[in-house]
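J.: Structure in structure tokens, see below.
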Amino acid sequence: MSHTPFILAAYLISAVVLFWAAIAPVLNKRSLLRQLKNRQAQMDKTQ
Amino acid sequence: MNPIFLFFHKTGSPPWFYKYSGKLIPWLWAVFLALTVYGLYLGLVVAPADYQQGESVRIMYLHVPSAWMSMMIYGLMAIMGFIALVWRIRIMEVLVISSAPVGAAFTAIALITGSLWGRPTWGTYWVWDARLTSELVLLFLYFGVIALYNSFDEPRKAARAASLMSIVGAINLPIIYFSVEWWNTLHQGSSMGSDGPGIHPSMLLPLLLMATATKFFYGANLLSRARLTLLKQDHRKRWVQDLLSKESH
Amino acid sequence: MDLPNNSHMLAVTGLSFERYFERVFEPVSFELDAGSLLLITGSNGCGKTTLLRLLAGLLDPSEGKIQKEEQPLYAGHFPAIKDDLSVEENIRFWMKFMGTRKSDQMDGLCEQVIEEIGLTPVAQQEGRTLSAGQRKRCSLARLLFCDESLWLLDEPYSNLDPQGIAMLDSILKTHLTSGGACIMTTHGSLRPEGFDLQECHMISGRERYAGEAA
Amino acid sequence: MSKQATGTAFVALLRRDFLLAYRRRAELLQPLVFLLVVVTLFPLGVGPSPTLLANIAPGVIWIAALLATVLSLDSLFRSDFEDGTLEQMVLSGQSLALIALARTVAHWLVAGLPIVLLSPLLAMWMNLPDEGLLILIESLAIGTPVLSLIGAIGGALTVSLKRGGQLLSLLVFPLYVPLLILATSAVSSAVVDLPYTGQLGLMVSGLIASLTLAPFATAAALKLSLS
């Protein structure tokens, strides 16, 4: 039985998990900043 | 005030932490990438296949560093949690709860890669091998901390509860580890490739490189998670408002 | 004890507490001497209970300092009465657990306390059968057998009938004239009558924020 | 202020707990009935083969004991938390760790000890060989206090949450792993005439360690839950 598919799968899944772990805070931060800026813009408008 | 407390007090101030961690993160990522590329080159291309396990031993360069990280991060959470509880330092609370998802991710990787390593070695995906079993228990410990944190409404109370739980878990962790190890030998279970000192140097170097790289991954990921949490929690505070207006102009 | 800033029974400076990263109330400062009664007023949700819990030591302050000579007695919203125990068993347990002024005569003291709070007719009834007012009286029993000199009473008049209010007022008067002090909260409708009192009005963190924005 | 003597307060609390348990004795039976039901399910699930049952007996009985203990842990501090008793106890000046210990001792006596006493019946049902019976009882006698002590930490951490029960089991089950391994292996070893004193010795040291450490963690968790 060839071992290659298992090695590939292991590296692929690890890469996906690590990439997702790394990118999640970046995406969350971006949406949070957008949200906060919108709120600030709204407050500026009402004043 | 004693100097250690003063140091924590200063680095514990959210704007200070936010500013300098932002500068540090790119460097951490750069080191992580360099080490990973070199480590994987040595591990996948240069190093030979194991004479017993064949090519599948190359999974070790993922499995073993992840397993190490999963234990180390839990230990660090307990240490930071202790500091957070005793000196009530907010940044430590944030670091504890930001560590948990990273640690859980490494634990999951250790489990998945271990299981993928097990298939060619044992002919089955899951065997109650000592390391896999203790990783599984550790994953439950991580889930416990994360679930506990999410159950509380007040973030600081939640973080303190999670800190306490990680201390309790970390005291138990070595006991769990050794009891599972012992249980495994008792039942004559199979064990995966050794990672002891007997390992060939051509395999040891990439293993150590990957182990170091994962620490930089943890550092960078931890800091960016902590920054996000601080931003979320302090969004009404002056320093975040200043930050926003600085960025928009 | 000779230092002037140490002579107060309780001194609070710039005390505040944060929840959800916002101040629950704006910082308060006050001092309390023996024999005085401090009334804490403010609308619902302005942090009166939080302040008392801080003073009692259940919460740790986010800002400011509390200097107290000794552990105060705290009577909060929860009566600390077990439903499955009778009034007498409840009071007797707390006497045993907390200690009493005259521990040698516990039996007599327990009966005396139950009589003073007007619960003799229901002394053998289980806690679950008590009305809200009776529960309040039962929880105030501690004032009669503990010997703390500083009392923290959270809405002590709520649920009490006029006789109950008069009872509490007389207990309080005795306490104050014998060198004790008391801090109590009220949301306004019921106030202690005939006392020489200080007043502290609290402003919630949110109100302050809204005021600045307007 | 004259604080009450620690011993007197400890005894007063224990007496109150027994009185409360006695008044609510019907509720105490629930975990025990649960224990019996769980053990009954195993022969029904895996078949009544005496050798199979004898093989899995130590594990089944211990897991059932674990589940029954966790079931009773959620109420360990809940009523005292909800009616304000706990905050008065915290403020009484007594050591909170000692209060936690008193509650745990009471919990073991009304929830853990009955499991030990029921274990011969369970052993008979599961066809456990006679050589293992004494060790099963011993292991439960040493182990159930540890279950109560460690479980109390989880109970204290989740007491302020509306639905703490499920979270509580997630928190404490991983912590019970070493105990389960040691206890079941002691019983299994005794059955096949292997030495088991090592396992029991480790369990005793675990009992001592949790007796000295767990009350402090419980106390910290209680203080946190009240804030």
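In the structure tokens, the first chain shown is A, the next is B, and so on; residue numbers restart at 1 for each chain, and ligands run from 1 in the order shown.
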Mind listing as a VMD selection string which residues of chain D are within 12 Å of chain C, counting only C-alpha atoms?
T.: chain D and resid 1 to 25 79 to 95 99 222 to 227
J.: Do you know which residues are at most 8 Å from D:Asn55 counting only C-alpha atoms, after dropping those on the same chain fewer than 4 positions away, and could you put them as a list in words?
T.: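 In the requested form, the answer reads Thr51, Leu128 and Ser188 of chain D.
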J.: May I have the residues of chain B within 6 Å of chain A, counting only C-alpha atoms, written as a list in words?
T.: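 Taken together, these residues fit the definition: Ser56, Ile59, Ile109, Thr113, Leu116, Asn221, Arg225 and Leu228 of chain B.
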J.: Keeping only N, CA, C and O atoms, write the selected residues as a PDB file, in the first residue's frame.
T.:
```pdb
ATOM      1  N   SER B  56       5.765   6.840   5.486  1.00  0.00           N
ATOM      2  CA  SER B  56       4.751   7.429   6.381  1.00  0.00           C
ATOM      3  C   SER B  56       5.377   8.135   7.579  1.00  0.00           C
ATOM      4  O   SER B  56       4.730   8.941   8.235  1.00  0.00           O
ATOM      5  N   ILE B  59       5.078  11.936   8.303  1.00  0.00           N
ATOM      6  CA  ILE B  59       3.975  12.597   9.028  1.00  0.00           C
ATOM      7  C   ILE B  59       4.451  13.065  10.407  1.00  0.00           C
ATOM      8  O   ILE B  59       3.902  14.002  10.977  1.00  0.00           O
ATOM      9  N   ILE B 109      -4.831  18.783  15.061  1.00  0.00           N
ATOM     10  CA  ILE B 109      -3.859  18.362  14.049  1.00  0.00           C
ATOM     11  C   ILE B 109      -3.104  17.119  14.521  1.00  0.00           C
ATOM     12  O   ILE B 109      -2.913  16.158  13.764  1.00  0.00           O
ATOM     13  N   THR B 113      -3.359  13.872  12.211  1.00  0.00           N
ATOM     14  CA  THR B 113      -2.149  13.331  11.596  1.00  0.00           C
ATOM     15  C   THR B 113      -1.778  11.984  12.215  1.00  0.00           C
ATOM     16  O   THR B 113      -1.326  11.077  11.508  1.00  0.00           O
ATOM     17  N   LEU B 116      -3.900   9.469  10.598  1.00  0.00           N
ATOM     18  CA  LEU B 116      -3.471   9.206   9.225  1.00  0.00           C
ATOM     19  C   LEU B 116      -2.140   8.438   9.184  1.00  0.00           C
ATOM     20  O   LEU B 116      -1.857   7.708   8.247  1.00  0.00           O
ATOM     21  N   ASN B 221      -0.121  33.982  15.957  1.00  0.00           N
ATOM     22  CA  ASN B 221      -1.561  33.771  16.007  1.00  0.00           C
ATOM     23  C   ASN B 221      -2.150  34.256  17.330  1.00  0.00           C
ATOM     24  O   ASN B 221      -3.200  34.905  17.359  1.00  0.00           O
ATOM     25  N   ARG B 225      -4.936  37.224  17.772  1.00  0.00           N
ATOM     26  CA  ARG B 225      -6.209  36.950  18.449  1.00  0.00           C
ATOM     27  C   ARG B 225      -6.411  37.859  19.655  1.00  0.00           C
ATOM     28  O   ARG B 225      -7.511  38.363  19.894  1.00  0.00           O
ATOM     29  N   LEU B 228      -7.445  41.275  18.537  1.00  0.00           N
ATOM     30  CA  LEU B 228      -8.851  41.307  18.156  1.00  0.00           C
ATOM     31  C   LEU B 228      -9.752  41.379  19.394  1.00  0.00           C
ATOM     32  O   LEU B 228     -10.686  42.190  19.459  1.00  0.00           O
TER      33      LEU B 228
END
```
J.: Please provide the set of residues having any atom within 8 Å of D:Leu136, restricted to only C-alpha atoms, with same-chain residues fewer than 2 positions apart removed, written as a list in words.
T.: Pro58, Ser119, Gly132, Leu133, Leu134, Glu138, Ser139, Leu140, Ala183 and Val187 of chain D
J.: Only N, CA, C and O atoms, please: the residues just picked out, written as a PDB file, in the first residue's frame.
T.:
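Ended up saving to selection-v6.pdb:
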```pdb
ATOM      1  N   PRO D  58     -15.491  -4.268  36.148  1.00  0.00           N
ATOM      2  CA  PRO D  58     -14.895  -3.130  36.867  1.00  0.00           C
ATOM      3  C   PRO D  58     -15.131  -1.813  36.143  1.00  0.00           C
ATOM      4  O   PRO D  58     -15.504  -0.812  36.770  1.00  0.00           O
ATOM      5  N   SER D 119     -22.138  -1.311  45.872  1.00  0.00           N
ATOM      6  CA  SER D 119     -21.279  -1.984  44.896  1.00  0.00           C
ATOM      7  C   SER D 119     -21.336  -3.521  44.959  1.00  0.00           C
ATOM      8  O   SER D 119     -21.237  -4.155  43.905  1.00  0.00           O
ATOM      9  N   GLY D 132     -12.345 -10.144  43.120  1.00  0.00           N
ATOM     10  CA  GLY D 132     -12.301  -8.711  42.819  1.00  0.00           C
ATOM     11  C   GLY D 132     -13.200  -7.880  43.713  1.00  0.00           C
ATOM     12  O   GLY D 132     -13.056  -6.652  43.770  1.00  0.00           O
ATOM     13  N   LEU D 133     -14.127  -8.534  44.410  1.00  0.00           N
ATOM     14  CA  LEU D 133     -15.159  -7.774  45.121  1.00  0.00           C
ATOM     15  C   LEU D 133     -14.574  -6.827  46.164  1.00  0.00           C
ATOM     16  O   LEU D 133     -14.896  -5.634  46.192  1.00  0.00           O
ATOM     17  N   LEU D 134     -13.680  -7.374  46.985  1.00  0.00           N
ATOM     18  CA  LEU D 134     -13.136  -6.555  48.066  1.00  0.00           C
ATOM     19  C   LEU D 134     -12.385  -5.353  47.491  1.00  0.00           C
ATOM     20  O   LEU D 134     -12.496  -4.223  47.990  1.00  0.00           O
ATOM     21  N   GLU D 138     -12.923  -1.428  47.978  1.00  0.00           N
ATOM     22  CA  GLU D 138     -11.824  -0.553  48.420  1.00  0.00           C
ATOM     23  C   GLU D 138     -11.591   0.589  47.434  1.00  0.00           C
ATOM     24  O   GLU D 138     -11.451   1.741  47.822  1.00  0.00           O
ATOM     25  N   SER D 139     -11.560   0.229  46.135  1.00  0.00           N
ATOM     26  CA  SER D 139     -11.263   1.272  45.145  1.00  0.00           C
ATOM     27  C   SER D 139     -12.363   2.321  45.142  1.00  0.00           C
ATOM     28  O   SER D 139     -12.088   3.519  45.014  1.00  0.00           O
ATOM     29  N   LEU D 140     -13.613   1.910  45.318  1.00  0.00           N
ATOM     30  CA  LEU D 140     -14.696   2.896  45.365  1.00  0.00           C
ATOM     31  C   LEU D 140     -14.607   3.735  46.628  1.00  0.00           C
ATOM     32  O   LEU D 140     -14.856   4.940  46.612  1.00  0.00           O
ATOM     33  N   ALA D 183      -8.342   2.667  39.078  1.00  0.00           N
ATOM     34  CA  ALA D 183      -9.308   1.866  39.830  1.00  0.00           C
ATOM     35  C   ALA D 183      -9.672   0.594  39.068  1.00  0.00           C
ATOM     36  O   ALA D 183      -9.639  -0.504  39.634  1.00  0.00           O
ATOM     37  N   VAL D 187      -8.889  -3.464  40.131  1.00  0.00           N
ATOM     38  CA  VAL D 187      -9.887  -4.534  40.262  1.00  0.00           C
ATOM     39  C   VAL D 187      -9.572  -5.665  39.290  1.00  0.00           C
ATOM     40  O   VAL D 187      -9.574  -6.840  39.667  1.00  0.00           O
TER      41      VAL D 187
END
```
J.: Report the closest atom pair, with its distance in Å rounded to one decimal, for each residue of chain B that has an atom no farther than 9 Å from chain D; count only C-alpha atoms, sort by chain and then rising residue number, and write it as CSV.
T.:
```
residue,atom,partner,partner_atom,distance
B:Val137,CA,D:Pro174,CA,5.9
B:Leu138,CA,D:Pro174,CA,7.8
B:Phe140,CA,D:Pro174,CA,6.6
B:Leu141,CA,D:Pro174,CA,6.4
B:Phe143,CA,D:Leu170,CA,7.9
B:Gly144,CA,D:Leu171,CA,5.1
B:Val145,CA,D:Leu171,CA,7.7
B:Ala147,CA,D:Leu167,CA,7.2
B:Leu148,CA,D:Leu167,CA,7.1
B:Ser151,CA,D:Leu161,CA,7.2
B:Phe152,CA,D:Leu161,CA,7.1
B:Lys157,CA,D:Leu224,CA,7.0
B:Arg160,CA,D:Leu224,CA,7.6
B:Ala161,CA,D:Leu157,CA,6.7
B:Leu164,CA,D:Ala221,CA,7.3
B:Met165,CA,D:Leu171,CA,8.1
B:Val168,CA,D:Ala217,CA,7.5
B:Gly169,CA,D:Leu175,CA,7.0
B:Asn172,CA,D:Leu175,CA,6.5
B:Leu173,CA,D:Leu175,CA,8.3
B:Ile175,CA,D:Pro178,CA,6.6
B:Ile176,CA,D:Pro178,CA,5.3
B:Tyr177,CA,D:Pro178,CA,8.5
B:Phe178,CA,D:Pro178,CA,8.4
B:Ser179,CA,D:Pro178,CA,5.5
B:Val180,CA,D:Pro178,CA,7.2
B:Trp183,CA,D:Ile181,CA,6.6
B:Leu186,CA,D:Ser185,CA,8.7
```
J.: Since we have the selection now, will you write its residues out, keeping N, CA and C atoms, as a PDB file, in the first residue's frame?
T.:
```pdb
ATOM      1  N   VAL B 137      -7.957  13.275  25.270  1.00  0.00           N
ATOM      2  CA  VAL B 137      -8.384  13.822  26.558  1.00  0.00           C
ATOM      3  C   VAL B 137      -8.040  15.307  26.630  1.00  0.00           C
ATOM      4  N   LEU B 138      -6.863  15.639  26.112  1.00  0.00           N
ATOM      5  CA  LEU B 138      -6.445  17.042  26.112  1.00  0.00           C
ATOM      6  C   LEU B 138      -7.398  17.901  25.283  1.00  0.00           C
ATOM      7  N   PHE B 140     -10.526  17.404  24.928  1.00  0.00           N
ATOM      8  CA  PHE B 140     -11.709  17.625  25.765  1.00  0.00           C
ATOM      9  C   PHE B 140     -11.437  18.710  26.803  1.00  0.00           C
ATOM     10  N   LEU B 141     -10.205  18.724  27.328  1.00  0.00           N
ATOM     11  CA  LEU B 141      -9.860  19.774  28.293  1.00  0.00           C
ATOM     12  C   LEU B 141      -9.942  21.149  27.637  1.00  0.00           C
ATOM     13  N   PHE B 143     -11.780  21.925  25.014  1.00  0.00           N
ATOM     14  CA  PHE B 143     -13.196  22.216  24.797  1.00  0.00           C
ATOM     15  C   PHE B 143     -13.844  22.712  26.088  1.00  0.00           C
ATOM     16  N   GLY B 144     -13.463  22.102  27.190  1.00  0.00           N
ATOM     17  CA  GLY B 144     -14.014  22.523  28.474  1.00  0.00           C
ATOM     18  C   GLY B 144     -13.714  23.984  28.753  1.00  0.00           C
ATOM     19  N   VAL B 145     -12.451  24.386  28.572  1.00  0.00           N
ATOM     20  CA  VAL B 145     -12.059  25.767  28.831  1.00  0.00           C
ATOM     21  C   VAL B 145     -12.823  26.713  27.899  1.00  0.00           C
ATOM     22  N   ALA B 147     -15.671  26.190  26.260  1.00  0.00           N
ATOM     23  CA  ALA B 147     -17.109  26.188  26.557  1.00  0.00           C
ATOM     24  C   ALA B 147     -17.393  26.985  27.821  1.00  0.00           C
ATOM     25  N   LEU B 148     -16.512  26.840  28.815  1.00  0.00           N
ATOM     26  CA  LEU B 148     -16.705  27.584  30.058  1.00  0.00           C
ATOM     27  C   LEU B 148     -16.633  29.085  29.780  1.00  0.00           C
ATOM     28  N   SER B 151     -19.732  30.419  28.214  1.00  0.00           N
ATOM     29  CA  SER B 151     -20.980  30.329  28.973  1.00  0.00           C
ATOM     30  C   SER B 151     -21.253  31.559  29.824  1.00  0.00           C
ATOM     31  N   PHE B 152     -20.211  32.312  30.125  1.00  0.00           N
ATOM     32  CA  PHE B 152     -20.416  33.493  30.962  1.00  0.00           C
ATOM     33  C   PHE B 152     -20.710  34.711  30.101  1.00  0.00           C
ATOM     34  N   LYS B 157     -15.148  37.982  33.943  1.00  0.00           N
ATOM     35  CA  LYS B 157     -15.505  36.849  34.801  1.00  0.00           C
ATOM     36  C   LYS B 157     -15.280  35.548  34.027  1.00  0.00           C
ATOM     37  N   ARG B 160     -11.633  34.757  33.838  1.00  0.00           N
ATOM     38  CA  ARG B 160     -11.076  34.278  35.108  1.00  0.00           C
ATOM     39  C   ARG B 160     -11.486  32.829  35.355  1.00  0.00           C
ATOM     40  N   ALA B 161     -12.747  32.509  35.016  1.00  0.00           N
ATOM     41  CA  ALA B 161     -13.194  31.111  35.164  1.00  0.00           C
ATOM     42  C   ALA B 161     -12.366  30.203  34.263  1.00  0.00           C
ATOM     43  N   LEU B 164      -8.932  29.662  35.741  1.00  0.00           N
ATOM     44  CA  LEU B 164      -8.956  28.712  36.858  1.00  0.00           C
ATOM     45  C   LEU B 164      -9.051  27.280  36.331  1.00  0.00           C
ATOM     46  N   MET B 165      -9.919  27.094  35.332  1.00  0.00           N
ATOM     47  CA  MET B 165     -10.085  25.755  34.769  1.00  0.00           C
ATOM     48  C   MET B 165      -8.788  25.288  34.127  1.00  0.00           C
ATOM     49  N   VAL B 168      -6.451  24.068  36.884  1.00  0.00           N
ATOM     50  CA  VAL B 168      -6.874  22.752  37.378  1.00  0.00           C
ATOM     51  C   VAL B 168      -6.529  21.673  36.348  1.00  0.00           C
ATOM     52  N   GLY B 169      -6.799  21.953  35.067  1.00  0.00           N
ATOM     53  CA  GLY B 169      -6.503  20.981  34.020  1.00  0.00           C
ATOM     54  C   GLY B 169      -5.020  20.715  33.891  1.00  0.00           C
ATOM     55  N   ASN B 172      -3.666  18.415  36.358  1.00  0.00           N
ATOM     56  CA  ASN B 172      -4.052  17.045  36.046  1.00  0.00           C
ATOM     57  C   ASN B 172      -3.359  16.496  34.809  1.00  0.00           C
ATOM     58  N   LEU B 173      -2.908  17.384  33.933  1.00  0.00           N
ATOM     59  CA  LEU B 173      -2.405  16.938  32.633  1.00  0.00           C
ATOM     60  C   LEU B 173      -1.278  15.908  32.727  1.00  0.00           C
ATOM     61  N   ILE B 175      -0.620  13.933  35.143  1.00  0.00           N
ATOM     62  CA  ILE B 175      -1.183  12.713  35.730  1.00  0.00           C
ATOM     63  C   ILE B 175      -1.951  11.942  34.666  1.00  0.00           C
ATOM     64  N   ILE B 176      -2.736  12.668  33.875  1.00  0.00           N
ATOM     65  CA  ILE B 176      -3.474  12.018  32.796  1.00  0.00           C
ATOM     66  C   ILE B 176      -2.491  11.370  31.829  1.00  0.00           C
ATOM     67  N   TYR B 177      -1.456  12.125  31.464  1.00  0.00           N
ATOM     68  CA  TYR B 177      -0.491  11.660  30.475  1.00  0.00           C
ATOM     69  C   TYR B 177       0.167  10.353  30.934  1.00  0.00           C
ATOM     70  N   PHE B 178       0.652  10.365  32.201  1.00  0.00           N
ATOM     71  CA  PHE B 178       1.363   9.174  32.667  1.00  0.00           C
ATOM     72  C   PHE B 178       0.415   8.013  32.906  1.00  0.00           C
ATOM     73  N   SER B 179      -0.794   8.312  33.379  1.00  0.00           N
ATOM     74  CA  SER B 179      -1.712   7.198  33.616  1.00  0.00           C
ATOM     75  C   SER B 179      -2.130   6.557  32.294  1.00  0.00           C
ATOM     76  N   VAL B 180      -2.312   7.372  31.262  1.00  0.00           N
ATOM     77  CA  VAL B 180      -2.680   6.814  29.963  1.00  0.00           C
ATOM     78  C   VAL B 180      -1.532   5.999  29.386  1.00  0.00           C
ATOM     79  N   TRP B 183      -1.476   2.827  31.291  1.00  0.00           N
ATOM     80  CA  TRP B 183      -2.643   2.021  30.881  1.00  0.00           C
ATOM     81  C   TRP B 183      -2.361   1.349  29.545  1.00  0.00           C
ATOM     82  N   LEU B 186      -0.022  -1.524  29.874  1.00  0.00           N
ATOM     83  CA  LEU B 186      -0.770  -2.569  30.563  1.00  0.00           C
ATOM     84  C   LEU B 186      -1.549  -3.419  29.567  1.00  0.00           C
TER      85      LEU B 186
END
```
J.: Any idea what the distance is between atom CA of C:Cys200 and atom CA of C:Lys173?
T.: 20.0 Å
J.: Show me, as a PyMOL selection string, the residues that have an atom within 9 Å of C:Gly118 when counting only C-alpha atoms, minus same-chain residues fewer than 6 positions from it.
T.: chain C and resi 134+137+164+167
J.: Restricted to N, CA, C and O atoms, what would the selected residues look like written as an mmCIF file, in the first residue's frame?
T.:
```cif
data_model
loop_
_atom_site.group_PDB
_atom_site.id
_atom_site.type_symbol
_atom_site.label_atom_id
_atom_site.label_comp_id
_atom_site.auth_asym_id
_atom_site.auth_seq_id
_atom_site.Cartn_x
_atom_site.Cartn_y
_atom_site.Cartn_z
ATOM 1 N N GLN C 134 -42.161 38.144 55.790
ATOM 2 C CA GLN C 134 -41.638 37.307 56.874
ATOM 3 C C GLN C 134 -40.200 36.878 56.590
ATOM 4 O O GLN C 134 -39.368 36.816 57.491
ATOM 5 N N ARG C 137 -38.003 39.752 57.455
ATOM 6 C CA ARG C 137 -37.795 39.831 58.903
ATOM 7 C C ARG C 137 -36.795 38.767 59.364
ATOM 8 O O ARG C 137 -35.912 39.033 60.173
ATOM 9 N N GLY C 164 -43.177 46.292 60.768
ATOM 10 C CA GLY C 164 -41.835 45.818 60.444
ATOM 11 C C GLY C 164 -40.873 46.979 60.285
ATOM 12 O O GLY C 164 -39.726 46.929 60.755
ATOM 13 N N MET C 167 -40.060 48.341 63.577
ATOM 14 C CA MET C 167 -39.140 47.426 64.251
ATOM 15 C C MET C 167 -37.708 47.658 63.788
ATOM 16 O O MET C 167 -36.788 47.824 64.584
#
```
J.: Please return, as number ranges by chain, all residues of stretch 30-202 of chain C that DSSP assigns to strand (DSSP E) on the basis of the backbone.
T.: C: 30-32, 37-41, 63-68, 73-75, 150-154, 181-185, 197-201
J.: Could you list, as an mmCIF file with all heavy atoms, in the first residue's frame, the residues of chain B having an atom within 9 Å of chain C when counting only C-alpha atoms?
T.:
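Output file out31.cif follows:
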```cif
data_model
loop_
_atom_site.group_PDB
_atom_site.id
_atom_site.type_symbol
_atom_site.label_atom_id
_atom_site.label_comp_id
_atom_site.auth_asym_id
_atom_site.auth_seq_id
_atom_site.Cartn_x
_atom_site.Cartn_y
_atom_site.Cartn_z
ATOM 1 N N ASP B 153 -21.520 35.631 30.633
ATOM 2 C CA ASP B 153 -21.820 36.858 29.895
ATOM 3 C C ASP B 153 -20.708 37.885 30.060
ATOM 4 O O ASP B 153 -20.304 38.519 29.103
ATOM 5 C CB ASP B 153 -23.127 37.471 30.415
ATOM 6 C CG ASP B 153 -24.307 36.605 30.054
ATOM 7 O OD1 ASP B 153 -24.223 35.924 29.011
ATOM 8 O OD2 ASP B 153 -25.290 36.592 30.804
ATOM 9 N N GLU B 154 -20.261 38.046 31.292
ATOM 10 C CA GLU B 154 -19.288 39.108 31.565
ATOM 11 C C GLU B 154 -17.908 38.605 31.152
ATOM 12 O O GLU B 154 -17.416 37.607 31.697
ATOM 13 C CB GLU B 154 -19.314 39.446 33.059
ATOM 14 C CG GLU B 154 -19.143 40.911 33.374
ATOM 15 C CD GLU B 154 -17.720 41.403 33.197
ATOM 16 O OE1 GLU B 154 -16.793 40.663 33.576
ATOM 17 O OE2 GLU B 154 -17.534 42.504 32.677
ATOM 18 N N PRO B 155 -17.245 39.288 30.194
ATOM 19 C CA PRO B 155 -15.998 38.736 29.643
ATOM 20 C C PRO B 155 -14.890 38.522 30.668
ATOM 21 O O PRO B 155 -14.165 37.532 30.587
ATOM 22 C CB PRO B 155 -15.569 39.787 28.616
ATOM 23 C CG PRO B 155 -16.789 40.551 28.306
ATOM 24 C CD PRO B 155 -17.643 40.522 29.527
ATOM 25 N N ARG B 156 -14.760 39.426 31.625
ATOM 26 C CA ARG B 156 -13.643 39.257 32.560
ATOM 27 C C ARG B 156 -13.892 38.115 33.522
ATOM 28 O O ARG B 156 -13.002 37.349 33.868
ATOM 29 C CB ARG B 156 -13.398 40.558 33.335
ATOM 30 C CG ARG B 156 -12.878 41.645 32.419
ATOM 31 C CD ARG B 156 -12.104 42.675 33.165
ATOM 32 N NE ARG B 156 -10.883 42.143 33.761
ATOM 33 C CZ ARG B 156 -10.031 42.875 34.441
ATOM 34 N NH1 ARG B 156 -10.265 44.162 34.607
ATOM 35 N NH2 ARG B 156 -8.951 42.348 34.960
ATOM 36 N N GLN B 233 -13.392 44.304 22.999
ATOM 37 C CA GLN B 233 -13.809 44.643 24.358
ATOM 38 C C GLN B 233 -13.766 46.143 24.609
ATOM 39 O O GLN B 233 -14.603 46.684 25.325
ATOM 40 C CB GLN B 233 -12.894 43.931 25.363
ATOM 41 C CG GLN B 233 -13.104 42.425 25.375
ATOM 42 C CD GLN B 233 -12.187 41.740 26.355
ATOM 43 O OE1 GLN B 233 -11.221 42.317 26.842
ATOM 44 N NE2 GLN B 233 -12.493 40.482 26.654
ATOM 45 N N ASP B 234 -12.805 46.805 24.014
ATOM 46 C CA ASP B 234 -12.583 48.219 24.320
ATOM 47 C C ASP B 234 -13.175 49.149 23.271
ATOM 48 O O ASP B 234 -12.788 50.319 23.215
ATOM 49 C CB ASP B 234 -11.075 48.496 24.445
ATOM 50 C CG ASP B 234 -10.571 48.104 25.820
ATOM 51 O OD1 ASP B 234 -11.393 47.641 26.618
ATOM 52 O OD2 ASP B 234 -9.374 48.266 26.088
ATOM 53 N N ARG B 236 -15.515 50.993 22.918
ATOM 54 C CA ARG B 236 -16.044 52.303 23.325
ATOM 55 C C ARG B 236 -14.975 53.172 23.977
ATOM 56 O O ARG B 236 -15.214 54.331 24.286
ATOM 57 C CB ARG B 236 -17.201 52.107 24.308
ATOM 58 C CG ARG B 236 -18.546 52.075 23.615
ATOM 59 C CD ARG B 236 -19.650 52.120 24.637
ATOM 60 N NE ARG B 236 -19.791 50.819 25.277
ATOM 61 C CZ ARG B 236 -20.732 49.938 24.943
ATOM 62 N NH1 ARG B 236 -21.607 50.225 24.029
ATOM 63 N NH2 ARG B 236 -20.814 48.779 25.542
ATOM 64 N N LYS B 237 -13.805 52.594 24.207
ATOM 65 C CA LYS B 237 -12.767 53.352 24.915
ATOM 66 C C LYS B 237 -12.070 54.322 23.965
ATOM 67 O O LYS B 237 -12.055 54.144 22.748
ATOM 68 C CB LYS B 237 -11.731 52.389 25.518
ATOM 69 C CG LYS B 237 -12.300 51.507 26.614
ATOM 70 C CD LYS B 237 -11.849 51.958 27.989
ATOM 71 C CE LYS B 237 -12.702 51.388 29.112
ATOM 72 N NZ LYS B 237 -12.307 50.057 29.516
#
```
J.: Based on DSSP run over this structure's backbone, return all residues of stretch 37-207 of chain D in helix (DSSP H, G or I), as number ranges by chain.
T.: D: 37-46, 50-73, 75-82, 85-91, 96-125, 130-157, 165-191, 197-207
